[in-house]
Every structure is written in structure tokens, then in C-alpha cells.
$ cat entry_13.txt   # compact mmCIF, C-alpha atoms
# COMPACT_ATOMS: atom_id res chain seq x y z
CA MET A 1 -23.34 24.83 34.36
CA ASN A 2 -20.79 26.86 32.41
CA LEU A 3 -18.36 24.15 31.36
CA HIS A 4 -15.74 26.65 30.20
CA ALA A 5 -15.68 28.18 33.68
CA ARG A 6 -14.91 24.83 35.30
CA PHE A 7 -13.09 23.00 32.50
CA PRO A 8 -11.42 25.53 30.20
CA ASP A 9 -8.63 23.16 29.12
CA LEU A 10 -7.97 19.49 28.40
CA SER A 11 -5.87 19.33 31.57
CA ASP A 12 -9.03 20.05 33.57
CA LEU A 13 -10.86 17.22 31.84
CA ARG A 14 -7.95 14.87 32.44
CA ARG A 15 -7.90 15.72 36.13
CA ARG A 16 -11.61 15.05 36.51
CA ALA A 17 -11.42 11.86 34.45
CA LYS A 18 -8.67 10.51 36.70
CA GLN A 19 -10.87 11.20 39.73
CA ARG A 20 -13.80 9.27 38.21
CA MET A 21 -12.10 6.05 37.07
CA PRO A 22 -10.28 3.34 39.06
CA HIS A 23 -6.53 3.65 39.29
CA PHE A 24 -5.86 0.56 37.13
CA VAL A 25 -8.06 2.03 34.39
CA TRP A 26 -6.20 5.33 34.49
CA GLU A 27 -2.90 3.46 34.21
CA PHE A 28 -4.27 1.61 31.18
CA LEU A 29 -5.26 4.87 29.49
CA ASP A 30 -2.36 7.09 30.47
CA SER A 31 0.72 4.87 30.51
CA GLY A 32 3.54 4.72 28.02
CA THR A 33 6.23 2.08 27.91
CA GLY A 34 9.71 1.98 29.43
CA ALA A 35 10.67 5.19 31.20
CA GLU A 36 8.06 7.01 29.09
CA ARG A 37 10.67 9.15 27.37
CA THR A 38 8.89 9.00 24.01
CA LYS A 39 5.65 10.07 25.63
CA ALA A 40 7.42 13.07 27.18
CA ARG A 41 9.31 13.77 23.93
CA ASN A 42 6.04 14.08 22.02
CA ARG A 43 4.99 16.95 24.27
CA HIS A 44 8.39 18.60 24.50
CA ALA A 45 8.91 18.62 20.73
CA LEU A 46 5.49 20.17 20.12
CA GLU A 47 6.23 22.94 22.58
CA GLN A 48 9.41 23.82 20.66
CA ILE A 49 7.41 24.70 17.53
CA LEU A 50 6.94 28.48 17.68
CA MET A 51 4.80 30.71 15.50
CA GLN A 52 5.04 34.44 14.82
CA PRO A 53 2.34 36.85 16.00
CA SER A 54 1.17 39.27 13.33
CA ILE A 55 -0.61 42.62 13.65
CA LEU A 56 -2.98 45.09 11.99
CA HIS A 57 -5.25 42.63 10.21
CA GLY A 58 -8.50 44.39 11.08
CA GLU A 59 -11.63 42.58 12.22
CA HIS A 60 -10.74 38.92 12.37
CA THR A 61 -12.82 35.86 11.56
CA THR A 62 -11.47 32.34 11.25
CA ASP A 63 -12.39 29.31 9.19
CA THR A 64 -11.23 25.95 10.58
CA ARG A 65 -12.96 23.82 7.94
CA CYS A 66 -10.85 21.33 6.02
CA GLU A 67 -11.06 18.43 3.58
CA LEU A 68 -9.62 14.95 3.90
CA LEU A 69 -10.05 12.02 1.51
CA GLY A 70 -12.76 13.87 -0.38
CA GLN A 71 -14.83 14.68 2.71
CA SER A 72 -15.34 17.97 4.54
CA PHE A 73 -14.89 18.45 8.28
CA PRO A 74 -15.57 21.44 10.56
CA ILE A 75 -12.22 21.06 12.32
CA PRO A 76 -9.14 18.99 11.38
CA VAL A 77 -9.54 16.56 14.28
CA GLY A 78 -10.73 12.97 14.57
CA ILE A 79 -11.20 10.38 17.29
CA ALA A 80 -8.30 7.92 17.29
CA PRO A 81 -8.77 4.27 18.28
CA ILE A 82 -8.05 2.89 21.73
CA GLY A 83 -8.31 -0.81 22.47
CA MET A 84 -10.82 -1.87 25.13
CA SER A 85 -12.32 1.61 24.96
CA GLY A 86 -15.29 0.41 27.01
CA LEU A 87 -13.01 -0.26 29.97
CA ILE A 88 -12.13 3.42 30.19
CA TRP A 89 -15.76 4.46 30.47
CA PRO A 90 -18.97 2.39 30.18
CA ASN A 91 -20.23 2.12 26.60
CA ALA A 92 -17.44 4.39 25.40
CA GLU A 93 -17.60 3.09 21.82
CA PHE A 94 -21.31 3.90 21.45
CA ARG A 95 -20.97 7.32 23.06
CA LEU A 96 -17.92 8.37 21.08
CA ALA A 97 -19.43 7.16 17.80
CA GLU A 98 -22.56 9.19 18.56
CA ALA A 99 -20.46 12.23 19.42
CA ALA A 100 -18.48 11.94 16.18
CA LYS A 101 -21.72 11.72 14.22
CA ARG A 102 -23.09 14.77 16.00
CA LEU A 103 -19.88 16.75 15.49
CA GLY A 104 -19.22 15.62 11.92
CA LEU A 105 -15.83 14.08 12.78
CA PRO A 106 -14.20 10.70 12.03
CA TYR A 107 -14.59 7.99 14.65
CA THR A 108 -12.10 5.10 14.59
CA LEU A 109 -13.09 1.75 16.11
CA SER A 110 -10.28 -0.59 17.15
CA THR A 111 -10.15 -4.28 16.31
CA VAL A 112 -9.69 -4.86 20.05
CA ALA A 113 -12.46 -2.53 21.16
CA SER A 114 -15.07 -3.87 23.54
CA GLN A 115 -17.80 -3.62 20.88
CA THR A 116 -18.04 -5.10 17.41
CA PRO A 117 -18.47 -3.06 14.23
CA LYS A 118 -22.04 -4.39 13.93
CA ALA A 119 -22.91 -3.26 17.46
CA VAL A 120 -21.50 0.23 16.85
CA SER A 121 -23.20 0.57 13.46
CA PRO A 122 -26.47 2.15 14.71
CA TYR A 123 -24.49 4.94 16.39
CA LEU A 124 -22.17 5.57 13.46
CA GLY A 125 -22.16 8.63 11.25
CA GLU A 126 -20.82 8.92 7.72
CA HIS A 127 -17.20 9.08 8.88
CA GLY A 128 -16.76 5.63 10.42
CA TRP A 129 -13.22 4.27 10.27
CA PHE A 130 -12.19 0.73 11.24
CA GLN A 131 -8.70 0.26 12.62
CA MET A 132 -7.36 -3.22 11.83
CA TYR A 133 -4.73 -5.05 13.80
CA PRO A 134 -3.78 -7.46 11.00
CA PRO A 135 -5.08 -11.01 11.59
CA ARG A 136 -2.73 -13.81 10.64
CA ASP A 137 -5.46 -16.11 9.32
CA PRO A 138 -6.76 -15.13 5.84
CA ASP A 139 -10.31 -16.25 6.68
CA ILE A 140 -10.41 -14.12 9.82
CA ARG A 141 -8.99 -11.24 7.83
CA SER A 142 -11.70 -11.51 5.19
CA LYS A 143 -14.44 -11.81 7.81
CA MET A 144 -13.24 -8.67 9.61
CA LEU A 145 -13.24 -6.67 6.40
CA THR A 146 -16.73 -7.87 5.56
CA GLN A 147 -18.03 -7.08 9.05
CA ALA A 148 -16.57 -3.59 8.95
CA ARG A 149 -17.90 -2.87 5.47
CA ASN A 150 -21.38 -4.19 6.25
CA ALA A 151 -21.50 -2.13 9.45
CA GLY A 152 -20.96 1.08 7.51
CA PHE A 153 -17.26 1.73 8.09
CA SER A 154 -16.00 3.49 4.97
CA THR A 155 -12.29 3.78 5.74
CA LEU A 156 -9.82 1.08 6.77
CA VAL A 157 -6.88 1.96 9.00
CA LEU A 158 -4.11 -0.64 8.98
CA THR A 159 -1.95 -0.35 12.10
CA VAL A 160 1.61 -1.47 11.40
CA ASP A 161 3.61 -0.31 14.44
CA VAL A 162 2.68 -3.10 16.87
CA PRO A 163 4.70 -6.11 15.64
CA VAL A 164 5.13 -7.37 19.23
CA ALA A 165 3.59 -6.63 22.61
CA SER A 166 5.08 -3.70 24.50
CA ARG A 167 5.88 -3.93 28.19
CA ARG A 168 3.96 -0.90 29.56
CA GLU A 169 5.30 -1.36 33.02
CA ARG A 170 2.75 0.94 34.64
CA GLN A 171 -0.05 -1.30 33.39
CA VAL A 172 1.72 -4.39 34.71
CA ARG A 173 2.17 -2.81 38.13
CA SER A 174 -1.52 -1.89 38.22
CA GLY A 175 -2.53 -5.56 38.10
CA LEU A 176 -4.68 -5.23 35.00
CA THR A 177 -5.17 -8.33 32.83
CA ALA A 178 -7.15 -8.88 29.64
CA PRO A 179 -9.93 -9.68 30.10
CA PRO A 180 -9.93 -7.84 33.45
CA ARG A 181 -9.77 -10.23 36.40
CA MET A 182 -11.30 -8.78 39.55
CA THR A 183 -8.80 -9.20 42.34
CA PRO A 184 -9.37 -7.74 45.83
CA ARG A 185 -6.90 -4.99 44.93
CA LEU A 186 -8.85 -3.96 41.84
CA LEU A 187 -12.21 -4.31 43.56
CA ALA A 188 -11.06 -1.89 46.25
CA GLN A 189 -10.26 0.67 43.56
CA ILE A 190 -13.63 0.14 41.88
CA ILE A 191 -15.53 0.73 45.11
CA MET A 192 -13.93 4.17 45.30
CA ARG A 193 -15.32 5.11 41.86
CA PRO A 194 -19.10 4.57 42.10
CA GLN A 195 -20.11 6.16 38.77
CA TRP A 196 -17.70 3.97 36.82
CA ALA A 197 -18.76 0.95 38.87
CA ILE A 198 -22.49 1.54 38.35
CA GLY A 199 -21.99 1.79 34.61
CA MET A 200 -20.00 -1.42 34.50
CA ALA A 201 -22.58 -3.19 36.65
CA ARG A 202 -25.27 -2.10 34.21
CA TYR A 203 -23.50 -3.07 31.01
CA GLY A 204 -21.05 -5.73 32.21
CA MET A 205 -17.27 -5.76 32.22
CA PRO A 206 -15.93 -5.17 28.71
CA ARG A 207 -14.29 -7.81 26.56
CA MET A 208 -12.95 -7.92 23.01
CA ARG A 209 -16.16 -9.08 21.37
CA LEU A 210 -14.90 -9.06 17.80
CA ILE A 211 -12.26 -11.69 18.52
CA ASP A 212 -14.18 -13.60 21.19
CA GLU A 213 -15.09 -16.41 18.82
CA TYR A 214 -11.39 -17.04 18.15
CA ALA A 215 -10.16 -16.72 21.71
CA ASP A 216 -12.81 -18.32 23.92
CA ASN A 217 -10.31 -20.19 26.08
CA LEU A 218 -7.74 -17.44 26.63
CA THR A 219 -7.91 -15.83 30.07
CA GLY A 220 -5.63 -14.18 32.58
CA LEU A 221 -3.20 -12.71 30.06
CA SER A 222 -1.16 -9.61 30.76
CA SER A 223 -2.90 -6.44 29.62
CA THR A 224 0.00 -5.84 27.23
CA ALA A 225 -0.25 -9.32 25.65
CA HIS A 226 -3.99 -9.83 25.24
CA ALA A 227 -5.72 -12.34 23.00
CA GLY A 228 -5.50 -10.00 20.05
CA TYR A 229 -1.76 -10.56 19.86
CA LEU A 230 -2.31 -14.30 19.49
CA LEU A 231 -4.51 -13.72 16.45
CA ARG A 232 -2.55 -11.01 14.69
CA THR A 233 0.59 -11.04 12.64
CA SER A 234 3.27 -8.50 11.84
CA PRO A 235 2.30 -7.56 8.28
CA ASN A 236 4.62 -7.18 5.32
CA TRP A 237 4.25 -5.39 2.01
CA ASP A 238 2.43 -8.35 0.45
CA TYR A 239 -0.13 -8.12 3.25
CA LEU A 240 -0.68 -4.45 2.44
CA HIS A 241 -1.10 -5.23 -1.26
CA TRP A 242 -3.70 -7.89 -0.38
CA LEU A 243 -5.66 -5.36 1.68
CA ARG A 244 -5.48 -2.79 -1.09
CA ASP A 245 -6.96 -5.34 -3.50
CA HIS A 246 -9.75 -6.43 -1.14
CA TRP A 247 -10.80 -3.15 0.49
CA LYS A 248 -12.61 -0.82 -1.90
CA GLY A 249 -12.76 2.22 0.37
CA ALA A 250 -10.04 4.55 1.56
CA LEU A 251 -7.00 2.83 3.08
CA ILE A 252 -4.86 4.60 5.69
CA VAL A 253 -1.63 3.14 7.06
CA LYS A 254 -1.04 4.02 10.72
CA GLY A 255 2.26 3.92 12.56
CA VAL A 256 4.58 5.48 9.96
CA MET A 257 7.73 7.21 11.24
CA ARG A 258 10.21 6.92 8.34
CA ALA A 259 10.22 8.93 5.14
CA THR A 260 11.43 5.92 3.13
CA ASP A 261 8.39 3.93 4.24
CA ALA A 262 6.06 6.82 3.43
CA ALA A 263 7.35 7.09 -0.13
CA ARG A 264 6.86 3.38 -0.67
CA LEU A 265 3.34 3.47 0.79
CA GLU A 266 2.28 5.97 -1.83
CA LYS A 267 3.41 3.60 -4.59
CA ALA A 268 1.64 0.70 -2.85
CA GLY A 269 -1.73 2.39 -3.13
CA ALA A 270 -2.30 3.79 0.34
CA ASP A 271 -4.70 6.73 0.34
CA ALA A 272 -3.22 8.46 3.39
CA ILE A 273 -0.36 8.14 5.87
CA TRP A 274 -0.86 8.29 9.62
CA ILE A 275 2.28 9.34 11.46
CA SER A 276 2.22 7.79 14.92
CA ASN A 277 4.55 6.45 17.57
CA HIS A 278 1.54 5.01 19.43
CA ALA A 279 1.81 7.87 21.95
CA GLY A 280 4.96 6.29 23.33
CA ARG A 281 3.10 3.11 24.30
CA GLN A 282 5.09 0.70 22.11
CA PHE A 283 8.71 1.91 21.86
CA ASP A 284 10.52 4.26 24.18
CA GLY A 285 13.33 5.16 21.79
CA ALA A 286 11.35 6.88 19.04
CA GLN A 287 11.49 10.48 17.95
CA ALA A 288 8.43 12.64 18.43
CA THR A 289 5.85 12.48 15.67
CA ILE A 290 6.09 16.23 15.10
CA GLU A 291 9.82 15.74 14.43
CA ALA A 292 9.14 13.02 11.85
CA LEU A 293 6.40 15.04 10.13
CA PRO A 294 8.47 17.45 7.95
CA THR A 295 10.70 14.70 6.52
CA ILE A 296 7.68 12.58 5.63
CA ARG A 297 5.81 15.52 4.09
CA ALA A 298 8.86 16.16 1.90
CA VAL A 299 8.59 12.77 0.16
CA THR A 300 4.85 12.33 -0.38
CA ASN A 301 1.82 14.11 -1.74
CA LEU A 302 -0.57 11.88 0.18
CA PRO A 303 -2.70 13.32 2.97
CA ILE A 304 -0.95 13.01 6.32
CA LEU A 305 -2.59 12.39 9.66
CA VAL A 306 -0.61 12.70 12.88
CA ASP A 307 -1.14 11.87 16.54
CA SER A 308 0.74 11.50 19.84
CA GLY A 309 1.11 14.35 22.31
CA PHE A 310 -1.42 16.76 20.77
CA GLU A 311 -3.49 18.48 23.45
CA THR A 312 -4.48 21.99 22.33
CA GLY A 313 -5.74 23.98 19.39
CA LEU A 314 -2.29 25.51 19.14
CA ASP A 315 -0.81 22.01 18.85
CA ILE A 316 -3.17 21.32 15.96
CA LEU A 317 -2.02 24.49 14.20
CA ARG A 318 1.60 23.43 14.76
CA GLY A 319 0.94 20.06 13.15
CA LEU A 320 -0.82 21.58 10.15
CA ALA A 321 1.93 24.19 9.73
CA LEU A 322 4.54 21.44 9.46
CA GLY A 323 2.63 19.55 6.79
CA ALA A 324 -0.14 17.47 8.38
CA ASN A 325 -3.66 17.55 7.01
CA PHE A 326 -5.38 16.18 10.09
CA VAL A 327 -4.72 15.51 13.77
CA MET A 328 -6.08 12.44 15.56
CA MET A 329 -6.68 12.36 19.32
CA GLY A 330 -7.59 9.27 21.35
CA SER A 331 -6.81 9.73 25.02
CA ALA A 332 -8.19 13.28 24.98
CA PHE A 333 -11.65 12.20 23.82
CA HIS A 334 -11.76 9.36 26.32
CA CYS A 335 -10.80 11.74 29.12
CA ALA A 336 -13.52 14.12 28.03
CA LEU A 337 -16.10 11.32 28.05
CA ALA A 338 -15.00 10.08 31.48
CA ALA A 339 -15.01 13.61 32.88
CA LEU A 340 -18.37 14.85 31.62
CA GLY A 341 -20.22 11.92 30.10
CA SER A 342 -21.85 12.49 26.73
CA ALA A 343 -21.27 16.25 27.00
CA GLY A 344 -17.50 15.72 27.21
CA PRO A 345 -16.55 15.17 23.54
CA ASP A 346 -18.59 18.20 22.44
CA HIS A 347 -16.93 20.33 25.11
CA LEU A 348 -13.46 19.12 24.09
CA VAL A 349 -14.09 20.05 20.45
CA ASP A 350 -15.36 23.44 21.60
CA ILE A 351 -12.16 23.93 23.63
CA LEU A 352 -10.00 22.99 20.64
CA LYS A 353 -11.99 25.18 18.24
CA ARG A 354 -11.82 28.21 20.55
CA ASP A 355 -8.09 27.72 21.03
CA MET A 356 -7.55 27.45 17.29
CA ASP A 357 -9.59 30.61 16.71
CA ALA A 358 -7.70 32.56 19.39
CA ASN A 359 -4.27 31.54 18.13
CA MET A 360 -5.16 32.05 14.47
CA GLY A 361 -6.16 35.58 15.44
CA GLN A 362 -2.78 36.15 17.04
CA ILE A 363 -0.81 35.02 14.00
CA GLY A 364 -3.18 36.63 11.47
CA ALA A 365 -4.37 33.40 9.85
CA ARG A 366 -7.96 33.47 8.59
CA ASP A 367 -8.02 29.84 7.45
CA LEU A 368 -5.81 26.74 7.47
CA SER A 369 -4.36 27.11 3.99
CA ASN A 370 -0.99 28.74 4.64
CA LEU A 371 -0.04 28.11 8.24
CA SER A 372 3.57 27.26 7.40
CA SER A 373 4.21 30.94 6.62
CA HIS A 374 3.55 31.74 10.28
CA LEU A 375 6.25 29.43 11.65
CA LEU A 376 9.25 30.94 13.36
CA PRO A 377 12.01 29.70 11.01
CA LYS A 378 14.41 28.49 13.67
CA ALA A 379 11.60 26.44 15.29
CA THR A 380 11.31 24.06 12.34
CA PRO A 381 12.88 20.67 13.29
$ encode --input "entry_13.txt" --output "C-alpha cells"
Amino acid sequence: MNLHARFPDLSDLRRRAKQRMPHFVWEFLDSGTGAERTKARNRHALEQILMQPSILHGEHTTDTRCELLGQSFPIPVGIAPIGMSGLIWPNAEFRLAEAAKRLGLPYTLSTVASQTPKAVSPYLGEHGWFQMYPPRDPDIRSKMLTQARNAGFSTLVLTVDVPVASRRERQVRSGLTAPPRMTPRLLAQIIMRPQWAIGMARYGMPRMRLIDEYADNLTGLSSTAHAGYLLRTSPNWDYLHWLRDHWKGALIVKGVMRATDAARLEKAGADAIWISNHAGRQFDGAQATIEALPTIRAVTNLPILVDSGFETGLDILRGLALGANFVMMGSAFHCALAALGSAGPDHLVDILKRDMDANMGQIGARDLSNLSSHLLPKATP
């Protein structure tokens, strides 16, 4: 089957993924919070970034390779974390970790994934990242770091933009709880999606295995206020300093939207900054990440990662042109997996690479080193 004939774009993968998973699972993956204005703003702001076509460059070849934190990657894209990833598609953590290894890309495992770092370890490549929702208890904190390190995760990602649970009204309306509680309404949706259902029957309904030992008696919580919230804290600068002292690998801070915070993070010893508004899932009054990017780039020399709203190779070029070093995508990779199984992540990367190549040819860029010179000046936020 020619995948590019049937699924030439991420939108095609999203459409097929939605058809293959129960409605409550799609709502979990796709929903923002509030009226979803921030989610829409992420896309709208990206589409306002224009670049100038350029001509007469002769035969054109492109090089999309890049470096981040001392490592080389074939394309400036990584797999961002999503909690309860295994709910979206059976064994998603294993499959995405394998895909990242095969593709030479970073794979980020969430604290509240449905698999532990140890379980994912056999599938992990050399670019394993562990995303930490900061535990309140120092002993739990130390144990998580040790588990991640022993499992082969080389980079720690501290997420700082989830101080409280968001409302995510679409998830609430769907009836989803954490762990999932099978009501007649949800069972009816599952019956309509046999491939998802067969996978879940084979492997069991997912749960947050890493925190199970601390939350054995917690059931029936809202999907936006799961057990992880009862274990975590809202970190402060002292918390960050403690992590910097106790984690010997690269440390990335995720959820940065202010330039003043970015400048302080550099002094605190962070190795990279991850600009994120959680794809509009936490706060519906935030600016788009692409709008925050230039002001943050202006105050720091640290590598910058960015997410939220990125869907195409052109979007990736836009982000790099405005100062990012790397783009992270979570929902896109999960949609690709749900749409095409193990072939999905590879196909998505192929889509993104082809789109980058085509658009780099249009603007006359042979590599990623000077993309800012191709921006239309009035398009810069």
C-alpha cells in the first residue's frame, strides 16, 4: 500500500485515528480546556508566520540534520510526552519508544504514562527522555530519578506548567475517569472500535504503573484530577536547584512562556528550555507558543524546544526560523500510531521530512542554519 497516496498529511492520519479509537479516548487526546481558544491560537499564530520564496538556486538538495544537547538527529523533531499514552492505543509507550529508536529521535516518557521506565527500557534507544511531574515527597522524588536513570533515560524533563488540575470540559463530558471505569456508555463506544478493544483485551486496560504503589486506594477520580495530582507538588526554584544537584544528565524545563523565567532558568543550571502552553490543555488565556518564542530567544543562549500546534514540516521551519532548535510533537505521533500501527510514526516522520524538503526548496534553504533570513519581515510577531 502506498501510504502517501492514502495519507499524505497529518490531517489524514488524525481522521483515521479518530475512526479507530472510542470517542472518550479521542476526547482525551484531542481536547483543550475552556473554550479551547489557546488551542486554536496555537494554530492561527503559526499560520501567520510567512516566509519568502527565492529563485534561481540551481539543483537543490536539503539537509535537515541538527544537533541538540551534544547529540545529532536526522530531523529536528521529537516525541513529546502524553500521560496515559497506552489508553490512546494499546502498548503505545513500547511502540513509540521502538519507533524513536528506529528513527533516531528523542522519545519522552511521562511520569503518568501507563508503563514504567523499567518496562520501557528494553525498547528504548539512546535518546530516552523522562518527563517528571514533580513529586512532593523527597523519597518518591529520589526513587523516580533512580528508576529513570537505571532504565537508561539520559535526559530529565521537569514539567512546571501544571500547578493545578485543568478542567478540560470535553474530557469531563466524555465520562472518562482515571483509572478508566467501564460504564455502559463507554462500553458501547468500545464495541464500535474492535481493533482498539482487541488490543486492550490482550494487554489490559492501562493504569499509571509508576505511581501505583503510592495510590493503590484511589479510584474513580476525574480524568483531569488523577492520582498523579495527589502525589505531585507545584515546584519552586529550590526544587529545581535540588534536581540540578541530583540529576547528572541533561535537564530540560518544560512549560516556559515568559522571557524573565527563561533568563533565570539559564542561571539556575537548566540545559535547555521547552516553550509550551501544554497545547492549550491547562490554561485557555495563554498566548501561542510561537508568539512567546522570539522574546524568549532574545534573552537566552540555551537550546530552545517548542511544542503546541505544530503539524507540518513548514510549521517546523517556522519554529526554527524564529529561534527554536527543536520541535516536539505528542498528539501527532499518537495519531499516527493509532491510524497505522507501528508503521504510523515512520510515515509521519516521512511526511514531515518531505514537507520540510519541499518548503526549503521553495525558499532556497539548503540546511537549517539560517532560516530566519527567509522570514517575511512583517510576519515576525
$ atom_distance --input "entry_13.txt" --atom1 "CA of Phe283 in chain A" --atom2 "CA of Lys39 in chain A"
9.5 Å
$ atom_distance --input "entry_13.txt" --atom1 "CA of Val25 in chain A" --atom2 "CA of Pro194 in chain A"
13.7 Å
$ atom_distance --input "entry_13.txt" --atom1 "CA of Leu3 in chain A" --atom2 "CA of Ile316 in chain A"
21.8 Å
$ residues_around --input "entry_13.txt" --residues "Leu320 in chain A" --least-positions-apart "6" --cutoff "10 Å" --atoms "all atoms listed in the file" --output "number ranges by chain"
A: 76, 293, 304-306, 314, 326-327, 368-372
$ write_last_selection --input "entry_13.txt" --atoms "C-alpha atoms" --output "mmCIF file, keeping the file's coordinate frame"
data_model
loop_
_atom_site.group_PDB
_atom_site.id
_atom_site.type_symbol
_atom_site.label_atom_id
_atom_site.label_comp_id
_atom_site.auth_asym_id
_atom_site.auth_seq_id
_atom_site.Cartn_x
_atom_site.Cartn_y
_atom_site.Cartn_z
ATOM 1 C CA PRO A 76 -9.140 18.990 11.380
ATOM 2 C CA LEU A 293 6.400 15.040 10.130
ATOM 3 C CA ILE A 304 -0.950 13.010 6.320
ATOM 4 C CA LEU A 305 -2.590 12.390 9.660
ATOM 5 C CA VAL A 306 -0.610 12.700 12.880
ATOM 6 C CA LEU A 314 -2.290 25.510 19.140
ATOM 7 C CA PHE A 326 -5.380 16.180 10.090
ATOM 8 C CA VAL A 327 -4.720 15.510 13.770
ATOM 9 C CA LEU A 368 -5.810 26.740 7.470
ATOM 10 C CA SER A 369 -4.360 27.110 3.990
ATOM 11 C CA ASN A 370 -0.990 28.740 4.640
ATOM 12 C CA LEU A 371 -0.040 28.110 8.240
ATOM 13 C CA SER A 372 3.570 27.260 7.400
#
$ closest_residue --input "entry_13.txt" --among "A:Ile275, A:Leu348, A:Leu231, A:Ala365" --to "Pro138 in chain A" --atoms "only C-alpha atoms"
A:Leu231
